[in-house]
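Okay, structure first, notes after.
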Amino acid sequence: GYVGNNNDQNDNDLVMDDVVIVDTGSSGIPHMINVLEDTYNVDLITIEDVMQGVPAGTEVLVWPGGVSFLNEDYISYTIFPFSVYINPQITTSLQNFVNSGGGYVGICAGSIIGTTLLETEVDVQDVYPEFPFSVIITEMSMAGLMDVNAVDYLEWYDNYAGQNNNMGTLTLYDHPIIGDYDGDYIDYYGGPVFKDYENVEVLATFTQQLEPNFYTTVGEPAIVVQDNIVLSSNHPEYDAETQPVFFRMVQHANGEIIEDPEPELEQWPASRG
């Protein structure tokens, strides 16, 4: 993949890699396109397209925020034993894509898709309105692209979505994706907390407690990386100061070598992960 801005290279020599963004209706998508379109061929696809298979030639798939996946078209269940899981077509398509070398960047709800298991608490009738009785779902199996689980609650989404809040205040750790960003804030709109991770790099942890206090969030991972998979609870695509972080997430997922400035941040303590 090409590193940096294409103004540095003769247009006749430039081969732009293909990045697809899943159209979840997120207001962050225009910002993502604006950040990427000078360096990559960017196309929008639907969740239905994903279910049919990630388009051939795609180097990186970006799944933005938005809880559009949380409905009966994209969530399946079994009664005996009772279990709820993301549509197997989504899982198969994404696993085939990353197993063949594709990169994945998940933001907020898109990061949940990439985890192995979502711990939550939601009435099955919120997902399946026609379900004959009320059952509280405590976990859902996701696509399993990374060895990590997620914790998220609709109450967090209701409390934090679409507004500035202190949950964006993070402790950031030295990594080429973070690069030379010297702030401590990346927008947060109700995304997950990561847990039960193995062989995963942690790029950022929360400094604040999410309310309601269903799960301890202080000091727990907000951005994680494993191989060419990047999962971020927070939204770097909105703000001009953090948009380079989003750009480098895509670079990393594309297998590009990112120039890392001299380490100014502390290293993530490997003993924790």
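Labels for the structure tokens follow display order: chains A, B, ..., residues from 1 in each chain, ligands from 1.
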
Self-check item: Residues near Gly66 in chain A, cut-off 7 Å, only C-alpha atoms, skip fewer than 2 positions along chain, as number ranges by chain
Solution: A: 24-26, 64, 68, 109

Selection file, N, CA, C and O atoms, as a PDB file, in the first residue's frame:
ATOM      1  N   THR A  24     -23.512   2.282   7.336  1.00  0.00           N
ATOM      2  CA  THR A  24     -24.368   2.058   8.498  1.00  0.00           C
ATOM      3  C   THR A  24     -25.263   3.258   8.793  1.00  0.00           C
ATOM      4  O   THR A  24     -26.033   3.231   9.750  1.00  0.00           O
ATOM      5  N   GLY A  25     -25.112   4.322   8.003  1.00  0.00           N
ATOM      6  CA  GLY A  25     -25.838   5.545   8.280  1.00  0.00           C
ATOM      7  C   GLY A  25     -25.132   6.459   9.255  1.00  0.00           C
ATOM      8  O   GLY A  25     -25.664   7.512   9.628  1.00  0.00           O
ATOM      9  N   SER A  26     -23.927   6.096   9.674  1.00  0.00           N
ATOM     10  CA  SER A  26     -23.173   6.896  10.633  1.00  0.00           C
ATOM     11  C   SER A  26     -22.840   8.273  10.050  1.00  0.00           C
ATOM     12  O   SER A  26     -22.446   8.385   8.883  1.00  0.00           O
ATOM     13  N   PRO A  64     -18.096   1.431  10.282  1.00  0.00           N
ATOM     14  CA  PRO A  64     -18.266   2.581  11.186  1.00  0.00           C
ATOM     15  C   PRO A  64     -19.235   2.284  12.328  1.00  0.00           C
ATOM     16  O   PRO A  64     -19.722   1.161  12.493  1.00  0.00           O
ATOM     17  N   SER A  68     -27.220  -0.174  13.485  1.00  0.00           N
ATOM     18  CA  SER A  68     -28.128  -0.734  12.481  1.00  0.00           C
ATOM     19  C   SER A  68     -28.024  -2.250  12.401  1.00  0.00           C
ATOM     20  O   SER A  68     -28.953  -2.923  11.950  1.00  0.00           O
ATOM     21  N   ALA A 109     -19.688   0.742  17.127  1.00  0.00           N
ATOM     22  CA  ALA A 109     -20.435  -0.490  16.886  1.00  0.00           C
ATOM     23  C   ALA A 109     -19.686  -1.412  15.933  1.00  0.00           C
ATOM     24  O   ALA A 109     -19.753  -2.635  16.053  1.00  0.00           O
TER      25      ALA A 109
END

Quiz prompt | Residue neighbourhood Glu201 in chain A, 12 Å, only C-alpha atoms, exclusion window fewer than 3 positions, as a ChimeraX atom specification | solution = /A:146-148,172-177,194,197-198,204-205,221-232,267-273

Practice problem: Rank nothing, just name the residue among A:Val62, A:Val135, A:Leu203, A:Met249 nearest to Ile79 in chain A, using only C-alpha atoms. | Solution: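 So, comparing all the options, the nearest one is A:Val135.
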
Quiz item: Looking at A:Glu59, A:Asp182, A:Asp23, A:Asp17, which one is nearest to Asp38 in chain A, with distances taken over only C-alpha atoms?
Solution: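 Nearest candidate to Asp38 in chain A out of A:Glu59, A:Asp182, A:Asp23, A:Asp17: A:Asp17.
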
Quiz item: With distances taken over only C-alpha atoms, which of A:Glu119, A:Asp187, A:Glu72, A:Glu139 is nearest to Met167 in chain A?
Solution: A:Asp187

Within 10 Å of Gln163 in chain A, counting only C-alpha atoms, which residues show up once you throw out same-chain ones fewer than 4 positions away? Write them as a PDB file with N, CA, C and O atoms, in the first residue's frame, please.
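part-v3.pdb written:
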ATOM      1  N   ASN A 159     -26.900   7.524  26.738  1.00  0.00           N
ATOM      2  CA  ASN A 159     -26.338   8.598  27.559  1.00  0.00           C
ATOM      3  C   ASN A 159     -25.255   9.392  26.856  1.00  0.00           C
ATOM      4  O   ASN A 159     -25.050  10.579  27.176  1.00  0.00           O
ATOM      5  N   ASP A 187     -13.183  11.509  20.375  1.00  0.00           N
ATOM      6  CA  ASP A 187     -14.633  11.534  20.581  1.00  0.00           C
ATOM      7  C   ASP A 187     -15.196  10.165  20.949  1.00  0.00           C
ATOM      8  O   ASP A 187     -14.813   9.143  20.362  1.00  0.00           O
ATOM      9  N   TYR A 188     -16.128  10.176  21.893  1.00  0.00           N
ATOM     10  CA  TYR A 188     -16.777   8.946  22.358  1.00  0.00           C
ATOM     11  C   TYR A 188     -18.286   9.125  22.293  1.00  0.00           C
ATOM     12  O   TYR A 188     -18.825  10.120  22.785  1.00  0.00           O
ATOM     13  N   TYR A 189     -18.979   8.137  21.693  1.00  0.00           N
ATOM     14  CA  TYR A 189     -20.429   8.224  21.555  1.00  0.00           C
ATOM     15  C   TYR A 189     -21.129   6.918  21.922  1.00  0.00           C
ATOM     16  O   TYR A 189     -22.052   6.488  21.237  1.00  0.00           O
ATOM     17  N   GLY A 190     -20.666   6.261  22.982  1.00  0.00           N
ATOM     18  CA  GLY A 190     -21.391   5.096  23.469  1.00  0.00           C
ATOM     19  C   GLY A 190     -20.813   3.760  23.054  1.00  0.00           C
ATOM     20  O   GLY A 190     -21.536   2.758  23.055  1.00  0.00           O
TER      21      GLY A 190
END

Practice problem: Assign secondary structure with DSSP using the backbone only, and return the residues of range 52-268 of chain A in alpha helix (DSSP H) as a PyMOL selection string. | Solution: chain A and resi 52+88-99+109-114+124-127+154-160+243-253

Practice problem: Check range 29-244 of chain A with DSSP on the backbone and list each residue it calls strand (DSSP E or B), as a PyMOL selection string. | Solution: chain A and resi 41-45+58-63+75-78+83-86+103-107+117-123+136-141+149-151+169-172+185+187+193-195+201-206+221-226+229-232+235

Quiz item: Near Gly101 in chain A, within 12 Å and counting only C-alpha atoms, which residues show up once chain neighbours fewer than 5 positions away are dropped, as a list in words?
Solution: Gly57, Thr58, Glu59, Val60, Leu61, Leu94, Gln95, Asn96, Asp227, Asn228, Ile229, Ala253, Asn254 and Gly255 of chain A

Exercise. Using only C-alpha atoms, determine which residues lie at most 12 Å from range 214-218 of chain A, disregarding the query and same-chain residues fewer than 6 positions distant; provide the list as a PyMOL selection string.
Key: chain A and resi 119-121+150-156+167-171+191-195+204-208+233

Using the selection just defined, write its residues with N, CA and C atoms as an mmCIF file, in the first residue's frame.
data_model
loop_
_atom_site.group_PDB
_atom_site.id
_atom_site.type_symbol
_atom_site.label_atom_id
_atom_site.label_comp_id
_atom_site.auth_asym_id
_atom_site.auth_seq_id
_atom_site.Cartn_x
_atom_site.Cartn_y
_atom_site.Cartn_z
ATOM 1 N N GLU A 119 -20.838 -8.764 25.644
ATOM 2 C CA GLU A 119 -21.579 -8.877 26.893
ATOM 3 C C GLU A 119 -22.456 -7.641 27.029
ATOM 4 N N THR A 120 -23.746 -7.858 27.231
ATOM 5 C CA THR A 120 -24.683 -6.744 27.243
ATOM 6 C C THR A 120 -25.908 -7.140 28.053
ATOM 7 N N GLU A 121 -26.926 -6.348 27.977
ATOM 8 C CA GLU A 121 -28.212 -6.689 28.589
ATOM 9 C C GLU A 121 -29.292 -5.995 27.782
ATOM 10 N N ALA A 150 -16.182 -7.771 24.132
ATOM 11 C CA ALA A 150 -16.635 -6.395 24.338
ATOM 12 C C ALA A 150 -17.745 -6.368 25.375
ATOM 13 N N VAL A 151 -17.820 -5.250 26.086
ATOM 14 C CA VAL A 151 -18.930 -4.980 26.999
ATOM 15 C C VAL A 151 -19.571 -3.684 26.539
ATOM 16 N N ASP A 152 -20.877 -3.697 26.328
ATOM 17 C CA ASP A 152 -21.569 -2.469 25.938
ATOM 18 C C ASP A 152 -23.040 -2.597 26.315
ATOM 19 N N TYR A 153 -23.650 -1.455 26.579
ATOM 20 C CA TYR A 153 -25.047 -1.410 26.978
ATOM 21 C C TYR A 153 -25.751 -0.288 26.220
ATOM 22 N N LEU A 154 -27.018 -0.519 25.861
ATOM 23 C CA LEU A 154 -27.770 0.511 25.161
ATOM 24 C C LEU A 154 -27.908 1.772 26.005
ATOM 25 N N GLU A 155 -27.893 1.611 27.335
ATOM 26 C CA GLU A 155 -27.969 2.792 28.203
ATOM 27 C C GLU A 155 -26.752 3.695 28.013
ATOM 28 N N TRP A 156 -25.581 3.093 27.759
ATOM 29 C CA TRP A 156 -24.389 3.909 27.489
ATOM 30 C C TRP A 156 -24.582 4.668 26.181
ATOM 31 N N MET A 167 -15.902 10.967 28.419
ATOM 32 C CA MET A 167 -15.462 9.597 28.154
ATOM 33 C C MET A 167 -14.462 9.542 27.006
ATOM 34 N N GLY A 168 -14.321 10.642 26.280
ATOM 35 C CA GLY A 168 -13.312 10.688 25.236
ATOM 36 C C GLY A 168 -11.908 10.893 25.769
ATOM 37 N N THR A 169 -11.783 11.183 27.066
ATOM 38 C CA THR A 169 -10.464 11.399 27.665
ATOM 39 C C THR A 169 -9.796 10.047 27.909
ATOM 40 N N LEU A 170 -8.638 9.856 27.283
ATOM 41 C CA LEU A 170 -7.991 8.550 27.274
ATOM 42 C C LEU A 170 -6.549 8.643 27.750
ATOM 43 N N THR A 171 -6.027 7.515 28.187
ATOM 44 C CA THR A 171 -4.582 7.348 28.322
ATOM 45 C C THR A 171 -4.110 6.649 27.058
ATOM 46 N N GLY A 191 -19.535 3.711 22.721
ATOM 47 C CA GLY A 191 -18.909 2.472 22.268
ATOM 48 C C GLY A 191 -18.571 1.515 23.396
ATOM 49 N N PRO A 192 -17.982 0.371 23.055
ATOM 50 C CA PRO A 192 -17.739 -0.688 24.029
ATOM 51 C C PRO A 192 -16.470 -0.488 24.835
ATOM 52 N N VAL A 193 -16.335 -1.310 25.861
ATOM 53 C CA VAL A 193 -15.082 -1.492 26.596
ATOM 54 C C VAL A 193 -14.599 -2.897 26.238
ATOM 55 N N PHE A 194 -13.304 -3.055 26.003
ATOM 56 C CA PHE A 194 -12.772 -4.359 25.613
ATOM 57 C C PHE A 194 -12.229 -5.107 26.822
ATOM 58 N N LYS A 195 -12.352 -6.437 26.789
ATOM 59 C CA LYS A 195 -11.914 -7.269 27.911
ATOM 60 C C LYS A 195 -11.530 -8.656 27.383
ATOM 61 N N ALA A 204 -5.071 2.475 23.789
ATOM 62 C CA ALA A 204 -5.682 3.505 24.634
ATOM 63 C C ALA A 204 -6.571 2.856 25.676
ATOM 64 N N THR A 205 -6.636 3.489 26.846
ATOM 65 C CA THR A 205 -7.533 3.035 27.902
ATOM 66 C C THR A 205 -8.385 4.211 28.386
ATOM 67 N N PHE A 206 -9.553 3.903 28.908
ATOM 68 C CA PHE A 206 -10.442 4.927 29.437
ATOM 69 C C PHE A 206 -9.907 5.482 30.757
ATOM 70 N N THR A 207 -10.141 6.754 30.994
ATOM 71 C CA THR A 207 -9.780 7.368 32.268
ATOM 72 C C THR A 207 -11.008 7.682 33.117
ATOM 73 N N GLN A 208 -12.201 7.515 32.551
ATOM 74 C CA GLN A 208 -13.433 7.878 33.245
ATOM 75 C C GLN A 208 -14.349 6.658 33.364
ATOM 76 N N SER A 233 -13.288 1.850 20.199
ATOM 77 C CA SER A 233 -14.553 2.297 20.778
ATOM 78 C C SER A 233 -14.808 3.760 20.450
#

Quiz prompt | Shortest interatomic distance to Tyr104 in chain A - which of A:Asp196, A:Asn166, A:His252, A:Ile137, counting only C-alpha atoms | solution =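 Distance minimum relative to Tyr104 in chain A lands on A:His252.
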
Practice problem: Measure the distance from CA of Ile29 in chain A to CA of Asp180 in chain A in Å and round it to one decimal. | Solution: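 These atoms are spaced 23.9 Å apart.
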
Self-check item: Given only C-alpha atoms as the counted atoms, nearest of A:Asn71, A:Asn99, A:Asn164, A:Asn234 to Asn87 in chain A
Solution: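 Of A:Asn71, A:Asn99, A:Asn164, A:Asn234, the one nearest Asn87 in chain A, counting only C-alpha atoms, is A:Asn71.
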